[in-house]
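Following: one structure in structure tokens, then a few remarks.
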Amino acid sequence: MTKHAAVIVAAGRGTRAGGALPKQWQSLGNTRVIDHAVAIFRPLVDEIVVVHHPDDRAQAQQVENVKLVAGGATRAASVRAGLEALEAQDIETVLIHDAARALVPAEVITGVLEALRSHRAAAPALMITDALWLGTAQNNGKTGDHIVAGTRDRSGLFRAQTPQGFHFAAILAAHRAYEAETHGEAADDVAVARAAGIEVLITEGSEENFKITHPADFARAEALLRERAQQDKKTQENTQMEIRLGNGYDVHRFGEGDHVWLCGIKVPHTRSLQGHSDADVGMHALTDAIYGALARGDIGQHFPPSEARWKGAESHIFLRHAIGLAREMGYELMNCDVTLVCERPKVGPHSQEMRAALAAIMNVDVDKVSVKATTSERLGFTGREEGIASLATAALIKQA
Ligand SMILES: Nc1ccn([C@@H]2O[C@H](COP(=O)(O)OP(=O)(O)OP(=O)(O)O)[C@@H](O)[C@H]2O)c(=O)n1
Ligand SMILES: C[C@](O)(CO)[C@H](O)COP(=O)(O)O
């Protein structure tokens, strides 16, 4: 079985960050910097080693279910200690990470793991997009004391991040073989790997994977946590919403008359639709679609044709009832779509007015309402102009 391990180095003193404790033990959100770093690796690897300073044993012991190892005087020495502690185990790949990059996005880690399937080493980075200057210090070498003495070519340059991933045996051997006297103090594990001739693939880094280095980085990390919490809340709200769909179908036959009511609009015609109510076939189909979405019966159940009081009733009464019931149950109309099937009258010239009428009855934006028409190619009862049929679909949404 492939065994992935993570070595999280946390043995530095965090002198640049300041604070009463080294930065990895300081608070970030409602926990500590180190706890964020460990939590993100937990589901992605089989084993986690936290390398701490010998003086920080008490702080490190508060991290549960990790192997604790005392680190060294340099980052490289701390990494080496972490790797040595894993030697006896059957580890295939190892991810070496700075505790100070506490908010590394999971995709950055999985990007490295994915790359390790085909490469012996991989590490995330961001391409340099700013111009590069050479500054010469005038006084004490702080930012405000430099004068630009030249520019440097930025092409092909990257900002290195962690986790840096390796086949375990290869990076352990590389660390053991690395001679700081010959190669200089290694900036990171990629430098160690390269000194051993290991090719390293660059994977996608992230601006969110910054290293907490200076005091201001804490404020940046807190802001990122707040942003993520808001995003999580939104995602949760979206996953909690409930969407329901319903369809409706209705038919009314033609009889004597000089107009038809369609979707709330009186359309002049050579005949009229017959029915117990005003026979607005489109509005009936839509009303039934809403009842259907709610699983609350149909128009006939709420307004029985056997009851005289509904004789000649205007159909907006039915539609208002259906949308009112939806709201009582906590739903809003997401959108609806009504299709009228007839040869005549022509619906196109009236469809915008019909949309507006339905939208007004339901008290929704007109963009949520569609009214369209089709003929049945002179086939069937609609083709013979014996009546008009209508189909409707309604989508309702409830936010939890
Ligand atoms: N002897 C060391 C030095 C550094 N690190 C770790 O390497 C990471 C990157 O180092 P850096 O950000 O430079 O941390 P510090 O060395 O703690 O910071 P500073 O240089 O400001 O003291 C950190 O997670 C740090 O804890 C380590 O494990 N052992
Ligand atoms: C390994 C590293 O995170 C790559 O960017 C970085 O070099 C470690 O931090 P340091 O400040 O250089 O010790």
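To be explicit about the labels: the chains of the structure tokens are called A, B, and onward in the order shown, and within each one the residues are counted from 1, while ligands get numbers from 1 in the order they are shown.
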
### Task
Enumerate the residues of stretch 175-268 of chain A with a DSSP assignment of alpha helix (DSSP H), computed from the backbone, and present them as a ChimeraX atom specification.
/A:175-177,180-183,189-195,215-240

Write the residues of the selection above to a file with N, CA and C atoms, as a short mmCIF file (atom, residue, chain, number, x, y, z; two decimals), in the first residue's frame.
data_model
loop_
_atom_site.label_atom_id
_atom_site.label_comp_id
_atom_site.auth_asym_id
_atom_site.auth_seq_id
_atom_site.Cartn_x
_atom_site.Cartn_y
_atom_site.Cartn_z
N HIS A 175 19.36 14.19 1.67
CA HIS A 175 19.67 14.97 2.88
C HIS A 175 20.93 14.43 3.57
N ARG A 176 21.04 13.09 3.60
CA ARG A 176 22.22 12.51 4.25
C ARG A 176 23.50 12.89 3.49
N ALA A 177 23.35 12.99 2.16
CA ALA A 177 24.55 13.25 1.35
C ALA A 177 24.88 14.74 1.23
N ALA A 180 26.68 21.12 3.30
CA ALA A 180 26.46 22.57 3.31
C ALA A 180 27.75 23.31 2.98
N GLU A 181 28.91 22.71 3.36
CA GLU A 181 30.20 23.37 3.09
C GLU A 181 30.42 23.51 1.58
N THR A 182 29.98 22.51 0.83
CA THR A 182 30.18 22.53 -0.63
C THR A 182 29.08 23.35 -1.32
N HIS A 183 27.82 23.06 -0.96
CA HIS A 183 26.69 23.67 -1.70
C HIS A 183 26.13 24.92 -1.05
N ASP A 189 14.18 22.01 0.48
CA ASP A 189 14.47 20.61 0.18
C ASP A 189 14.63 20.35 -1.31
N VAL A 190 14.11 21.29 -2.10
CA VAL A 190 14.33 21.20 -3.54
C VAL A 190 15.82 21.39 -3.83
N ALA A 191 16.45 22.31 -3.09
CA ALA A 191 17.89 22.52 -3.28
C ALA A 191 18.66 21.26 -2.90
N VAL A 192 18.22 20.61 -1.85
CA VAL A 192 18.88 19.37 -1.41
C VAL A 192 18.70 18.28 -2.48
N ALA A 193 17.48 18.18 -2.99
CA ALA A 193 17.19 17.16 -4.00
C ALA A 193 18.00 17.40 -5.26
N ARG A 194 18.07 18.65 -5.67
CA ARG A 194 18.78 18.97 -6.91
C ARG A 194 20.28 18.68 -6.77
N ALA A 195 20.81 18.93 -5.58
CA ALA A 195 22.24 18.65 -5.36
C ALA A 195 22.52 17.15 -5.53
N PRO A 215 4.93 40.30 11.51
CA PRO A 215 3.69 40.49 12.28
C PRO A 215 2.46 40.72 11.39
N ALA A 216 2.61 41.50 10.32
CA ALA A 216 1.46 41.81 9.46
C ALA A 216 0.87 40.56 8.81
N ASP A 217 1.66 39.50 8.70
CA ASP A 217 1.14 38.27 8.07
C ASP A 217 0.06 37.62 8.92
N PHE A 218 0.06 37.89 10.22
CA PHE A 218 -1.02 37.35 11.06
C PHE A 218 -2.36 37.97 10.69
N ALA A 219 -2.34 39.31 10.45
CA ALA A 219 -3.58 39.99 10.07
C ALA A 219 -4.05 39.46 8.71
N ARG A 220 -3.11 39.21 7.83
CA ARG A 220 -3.45 38.68 6.49
C ARG A 220 -4.08 37.29 6.62
N ALA A 221 -3.50 36.48 7.50
CA ALA A 221 -4.02 35.12 7.70
C ALA A 221 -5.41 35.16 8.34
N GLU A 222 -5.60 36.07 9.30
CA GLU A 222 -6.93 36.19 9.95
C GLU A 222 -7.97 36.59 8.90
N ALA A 223 -7.60 37.52 8.01
CA ALA A 223 -8.54 37.99 6.98
C ALA A 223 -8.89 36.84 6.04
N LEU A 224 -7.90 36.03 5.70
CA LEU A 224 -8.15 34.89 4.81
C LEU A 224 -9.09 33.88 5.48
N LEU A 225 -8.88 33.66 6.77
CA LEU A 225 -9.76 32.73 7.50
C LEU A 225 -11.20 33.23 7.49
N ARG A 226 -11.37 34.55 7.69
CA ARG A 226 -12.72 35.12 7.69
C ARG A 226 -13.37 34.94 6.32
N GLU A 227 -12.57 35.18 5.28
CA GLU A 227 -13.07 35.03 3.90
C GLU A 227 -13.51 33.59 3.65
N ARG A 228 -12.69 32.64 4.11
CA ARG A 228 -13.03 31.22 3.91
C ARG A 228 -14.28 30.85 4.69
N ALA A 229 -14.42 31.41 5.91
CA ALA A 229 -15.61 31.09 6.72
C ALA A 229 -16.86 31.58 6.02
N GLN A 230 -16.76 32.78 5.42
CA GLN A 230 -17.91 33.33 4.70
C GLN A 230 -18.26 32.47 3.51
N GLN A 231 -17.21 32.03 2.80
CA GLN A 231 -17.39 31.17 1.63
C GLN A 231 -18.05 29.86 2.03
N ASP A 232 -17.59 29.28 3.15
CA ASP A 232 -18.16 28.02 3.66
C ASP A 232 -19.64 28.19 3.99
N LYS A 233 -19.94 29.36 4.60
CA LYS A 233 -21.33 29.62 4.99
C LYS A 233 -22.22 29.66 3.75
N LYS A 234 -21.69 30.35 2.72
CA LYS A 234 -22.45 30.46 1.47
C LYS A 234 -22.69 29.08 0.87
N THR A 235 -21.61 28.27 0.84
CA THR A 235 -21.71 26.92 0.26
C THR A 235 -22.74 26.11 1.03
N GLN A 236 -22.68 26.25 2.38
CA GLN A 236 -23.62 25.51 3.22
C GLN A 236 -25.05 25.94 2.91
N GLU A 237 -25.24 27.27 2.77
CA GLU A 237 -26.59 27.76 2.47
C GLU A 237 -27.08 27.19 1.15
N ASN A 238 -26.15 27.16 0.17
CA ASN A 238 -26.55 26.65 -1.15
C ASN A 238 -26.89 25.18 -1.10
N THR A 239 -26.12 24.43 -0.29
CA THR A 239 -26.40 22.99 -0.26
C THR A 239 -27.67 22.70 0.54
N GLN A 240 -28.08 23.69 1.36
CA GLN A 240 -29.28 23.45 2.16
C GLN A 240 -30.55 23.89 1.45
#

As a tab-separated table (two decimals) with C-alpha atoms, in the first residue's frame, please: every protein or nucleic acid residue near ligand 2 (cut-off 10 Å, counting only C-alpha atoms and all ligand atoms).
chain	number	residue	atom	x	y	z
A	9	VAL	CA	8.81	21.69	10.33
A	12	GLY	CA	12.21	27.77	14.12
A	14	GLY	CA	10.01	33.01	14.48
A	16	ARG	CA	10.83	38.14	12.45
A	74	THR	CA	18.70	25.06	10.69
A	75	ARG	CA	15.58	24.26	8.69
A	76	ALA	CA	17.53	21.59	6.79
A	96	ILE	CA	7.88	18.47	3.61
A	97	HIS	CA	6.00	21.56	4.77
A	98	ASP	CA	6.62	24.76	6.76
A	99	ALA	CA	4.28	25.05	9.74
A	100	ALA	CA	4.40	28.76	8.94
A	101	ARG	CA	2.48	28.13	5.67
A	123	ALA	CA	6.97	21.32	-5.41
A	124	PRO	CA	4.54	24.25	-5.73
A	125	ALA	CA	5.57	27.73	-6.79
A	158	PHE	CA	9.40	31.32	-9.48
A	159	ARG	CA	8.60	31.94	-5.82
A	160	ALA	CA	9.09	28.61	-4.05
A	161	GLN	CA	6.47	27.26	-1.66
A	162	THR	CA	5.88	24.09	0.32
A	163	PRO	CA	4.87	21.28	0.64
A	164	GLN	CA	7.77	19.95	-1.36
A	186	ALA	CA	20.10	24.70	1.57
A	187	ALA	CA	17.24	27.19	1.09
A	188	ASP	CA	14.80	24.32	0.94
A	189	ASP	CA	14.47	20.61	0.18
A	190	VAL	CA	14.33	21.20	-3.54
A	191	ALA	CA	17.89	22.52	-3.28
A	209	ASN	CA	-0.06	29.62	0.73
A	210	PHE	CA	2.03	32.51	2.06
A	211	LYS	CA	4.51	31.98	4.86
A	212	ILE	CA	3.70	33.79	8.09
A	213	THR	CA	6.97	35.66	8.49

### Message
Can you measure atom 3 (C, counted along the ligand's line) of ligand 1 to atom CA of A:Thr136 for me? One decimal in Å is fine.
### Response
27.1 Å

#### Entry: Residue contacts of stretch 64-71 of chain A (8 Å, only C-alpha atoms) excluding same-chain residues fewer than 2 positions away, as a PyMOL selection string
chain A and resi 9+11+47-54+60-62+73+77-79+81-82+85

Using the selection just defined, write its residues with N, CA and C atoms as a compact mmCIF listing (two decimals), in the first residue's frame.
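Okay, this is what ended up in result07.txt:
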# COMPACT_ATOMS: atom_id res chain seq x y z
N VAL A 9 7.71 21.14 9.51
CA VAL A 9 8.81 21.69 10.33
C VAL A 9 8.33 22.92 11.09
N ALA A 11 10.36 24.06 14.05
CA ALA A 11 11.41 24.18 15.07
C ALA A 11 12.12 25.53 15.03
N GLU A 47 0.58 9.54 7.76
CA GLU A 47 1.40 9.77 8.96
C GLU A 47 1.89 11.22 8.95
N ILE A 48 1.87 11.86 10.12
CA ILE A 48 2.37 13.24 10.20
C ILE A 48 3.45 13.32 11.28
N VAL A 49 4.58 13.93 10.90
CA VAL A 49 5.65 14.20 11.87
C VAL A 49 5.68 15.72 12.08
N VAL A 50 5.66 16.16 13.33
CA VAL A 50 5.85 17.58 13.63
C VAL A 50 7.23 17.73 14.26
N VAL A 51 8.06 18.54 13.61
CA VAL A 51 9.41 18.75 14.13
C VAL A 51 9.40 20.06 14.93
N HIS A 52 9.74 19.98 16.21
CA HIS A 52 9.66 21.16 17.08
C HIS A 52 11.04 21.45 17.68
N HIS A 53 11.18 22.64 18.21
CA HIS A 53 12.42 23.02 18.91
C HIS A 53 12.45 22.26 20.24
N PRO A 54 13.64 21.82 20.69
CA PRO A 54 13.68 21.07 21.96
C PRO A 54 13.05 21.84 23.13
N ALA A 60 4.28 21.56 21.62
CA ALA A 60 4.13 20.55 20.56
C ALA A 60 3.24 19.40 21.03
N GLN A 61 3.33 19.09 22.32
CA GLN A 61 2.55 17.95 22.84
C GLN A 61 1.04 18.19 22.78
N GLN A 62 0.66 19.43 22.60
CA GLN A 62 -0.78 19.70 22.48
C GLN A 62 -1.34 19.30 21.11
N ALA A 73 19.36 23.14 14.35
CA ALA A 73 19.66 24.58 14.35
C ALA A 73 19.24 25.26 13.05
N ALA A 77 18.37 20.95 8.98
CA ALA A 77 18.64 19.99 10.05
C ALA A 77 17.32 19.47 10.63
N SER A 78 16.33 20.37 10.72
CA SER A 78 15.02 19.95 11.26
C SER A 78 14.34 18.97 10.31
N VAL A 79 14.42 19.25 9.02
CA VAL A 79 13.82 18.33 8.04
C VAL A 79 14.49 16.97 8.14
N ALA A 81 15.93 15.58 10.62
CA ALA A 81 15.49 14.88 11.83
C ALA A 81 14.13 14.24 11.61
N GLY A 82 13.24 14.98 10.94
CA GLY A 82 11.90 14.45 10.66
C GLY A 82 11.95 13.23 9.76
N ALA A 85 13.24 10.07 11.43
CA ALA A 85 12.25 9.48 12.34
C ALA A 85 11.26 8.59 11.60

### Pick from A:Glu92, A:Glu84, A:Glu114, A:Asp56 nearest to ligand 1, counting only C-alpha atoms and all ligand atoms
A:Asp56

Write out as a PDB file with N, CA and C atoms, in the first residue's frame the set of residues from stretch 8-118 of chain A that DSSP, computed on the backbone, places in strand (DSSP E).
ATOM      1  N   ILE A   8       6.158  18.226   9.012  1.00  0.00           N
ATOM      2  CA  ILE A   8       5.846  19.657   9.171  1.00  0.00           C
ATOM      3  C   ILE A   8       6.895  20.253  10.098  1.00  0.00           C
ATOM      4  N   VAL A   9       7.712  21.137   9.510  1.00  0.00           N
ATOM      5  CA  VAL A   9       8.807  21.693  10.325  1.00  0.00           C
ATOM      6  C   VAL A   9       8.331  22.918  11.095  1.00  0.00           C
ATOM      7  N   ALA A  10       8.531  22.845  12.424  1.00  0.00           N
ATOM      8  CA  ALA A  10       8.049  23.898  13.321  1.00  0.00           C
ATOM      9  C   ALA A  10       9.077  24.144  14.418  1.00  0.00           C
ATOM     10  N   SER A  27      -1.795  32.130  18.341  1.00  0.00           N
ATOM     11  CA  SER A  27      -3.199  31.942  17.922  1.00  0.00           C
ATOM     12  C   SER A  27      -3.425  32.441  16.506  1.00  0.00           C
ATOM     13  N   LEU A  28      -4.289  31.710  15.821  1.00  0.00           N
ATOM     14  CA  LEU A  28      -4.745  32.118  14.491  1.00  0.00           C
ATOM     15  C   LEU A  28      -6.199  31.641  14.388  1.00  0.00           C
ATOM     16  N   THR A  31      -7.767  28.712  16.814  1.00  0.00           N
ATOM     17  CA  THR A  31      -6.793  27.694  17.216  1.00  0.00           C
ATOM     18  C   THR A  31      -5.385  28.249  16.980  1.00  0.00           C
ATOM     19  N   ARG A  32      -4.358  27.367  16.887  1.00  0.00           N
ATOM     20  CA  ARG A  32      -2.997  27.891  16.724  1.00  0.00           C
ATOM     21  C   ARG A  32      -2.523  27.679  15.277  1.00  0.00           C
ATOM     22  N   GLU A  47       0.581   9.543   7.763  1.00  0.00           N
ATOM     23  CA  GLU A  47       1.401   9.775   8.958  1.00  0.00           C
ATOM     24  C   GLU A  47       1.892  11.219   8.946  1.00  0.00           C
ATOM     25  N   ILE A  48       1.866  11.860  10.116  1.00  0.00           N
ATOM     26  CA  ILE A  48       2.368  13.244  10.199  1.00  0.00           C
ATOM     27  C   ILE A  48       3.447  13.323  11.278  1.00  0.00           C
ATOM     28  N   VAL A  49       4.581  13.929  10.905  1.00  0.00           N
ATOM     29  CA  VAL A  49       5.651  14.205  11.869  1.00  0.00           C
ATOM     30  C   VAL A  49       5.684  15.717  12.079  1.00  0.00           C
ATOM     31  N   VAL A  50       5.659  16.159  13.329  1.00  0.00           N
ATOM     32  CA  VAL A  50       5.849  17.580  13.630  1.00  0.00           C
ATOM     33  C   VAL A  50       7.228  17.725  14.262  1.00  0.00           C
ATOM     34  N   VAL A  51       8.057  18.542  13.612  1.00  0.00           N
ATOM     35  CA  VAL A  51       9.414  18.752  14.127  1.00  0.00           C
ATOM     36  C   VAL A  51       9.402  20.056  14.925  1.00  0.00           C
ATOM     37  N   HIS A  52       9.744  19.976  16.208  1.00  0.00           N
ATOM     38  CA  HIS A  52       9.663  21.157  17.079  1.00  0.00           C
ATOM     39  C   HIS A  52      11.036  21.452  17.679  1.00  0.00           C
ATOM     40  N   LYS A  67       3.580  12.331  15.212  1.00  0.00           N
ATOM     41  CA  LYS A  67       4.856  11.902  15.802  1.00  0.00           C
ATOM     42  C   LYS A  67       5.660  13.169  16.089  1.00  0.00           C
ATOM     43  N   LEU A  68       6.165  13.337  17.302  1.00  0.00           N
ATOM     44  CA  LEU A  68       6.942  14.535  17.640  1.00  0.00           C
ATOM     45  C   LEU A  68       8.425  14.218  17.593  1.00  0.00           C
ATOM     46  N   VAL A  69       9.163  15.129  16.948  1.00  0.00           N
ATOM     47  CA  VAL A  69      10.603  14.929  16.797  1.00  0.00           C
ATOM     48  C   VAL A  69      11.290  16.258  17.101  1.00  0.00           C
ATOM     49  N   ALA A  70      12.403  16.242  17.806  1.00  0.00           N
ATOM     50  CA  ALA A  70      13.137  17.479  18.090  1.00  0.00           C
ATOM     51  C   ALA A  70      13.950  17.867  16.858  1.00  0.00           C
ATOM     52  N   THR A  93       6.103   8.121  -0.199  1.00  0.00           N
ATOM     53  CA  THR A  93       6.309   9.534  -0.545  1.00  0.00           C
ATOM     54  C   THR A  93       6.186  10.392   0.709  1.00  0.00           C
ATOM     55  N   VAL A  94       6.915  11.505   0.697  1.00  0.00           N
ATOM     56  CA  VAL A  94       6.860  12.407   1.850  1.00  0.00           C
ATOM     57  C   VAL A  94       6.676  13.842   1.367  1.00  0.00           C
ATOM     58  N   LEU A  95       5.832  14.583   2.096  1.00  0.00           N
ATOM     59  CA  LEU A  95       5.609  16.002   1.809  1.00  0.00           C
ATOM     60  C   LEU A  95       6.257  16.793   2.926  1.00  0.00           C
ATOM     61  N   ILE A  96       7.177  17.692   2.586  1.00  0.00           N
ATOM     62  CA  ILE A  96       7.876  18.471   3.612  1.00  0.00           C
ATOM     63  C   ILE A  96       7.301  19.884   3.591  1.00  0.00           C
ATOM     64  N   HIS A  97       6.779  20.307   4.740  1.00  0.00           N
ATOM     65  CA  HIS A  97       6.003  21.558   4.771  1.00  0.00           C
ATOM     66  C   HIS A  97       6.415  22.449   5.932  1.00  0.00           C
ATOM     67  N   ASP A  98       6.377  23.775   5.686  1.00  0.00           N
ATOM     68  CA  ASP A  98       6.619  24.758   6.756  1.00  0.00           C
ATOM     69  C   ASP A  98       5.344  24.915   7.571  1.00  0.00           C
TER      70      ASP A  98
END

#### Entry: Long-range neighbours of A:Leu325 as a ChimeraX atom specification, 9 Å cut-off, only C-alpha atoms, 6 positions minimum in chain
/A:291,294,296,331

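With only C-alpha atoms taken into account, the protein and nucleic acid residues at most 9 Å from A:Val148 (excluding it and anything under 5 positions from it in its own chain) are Trp133, Leu134, Gly135 and Thr136 of chain A.
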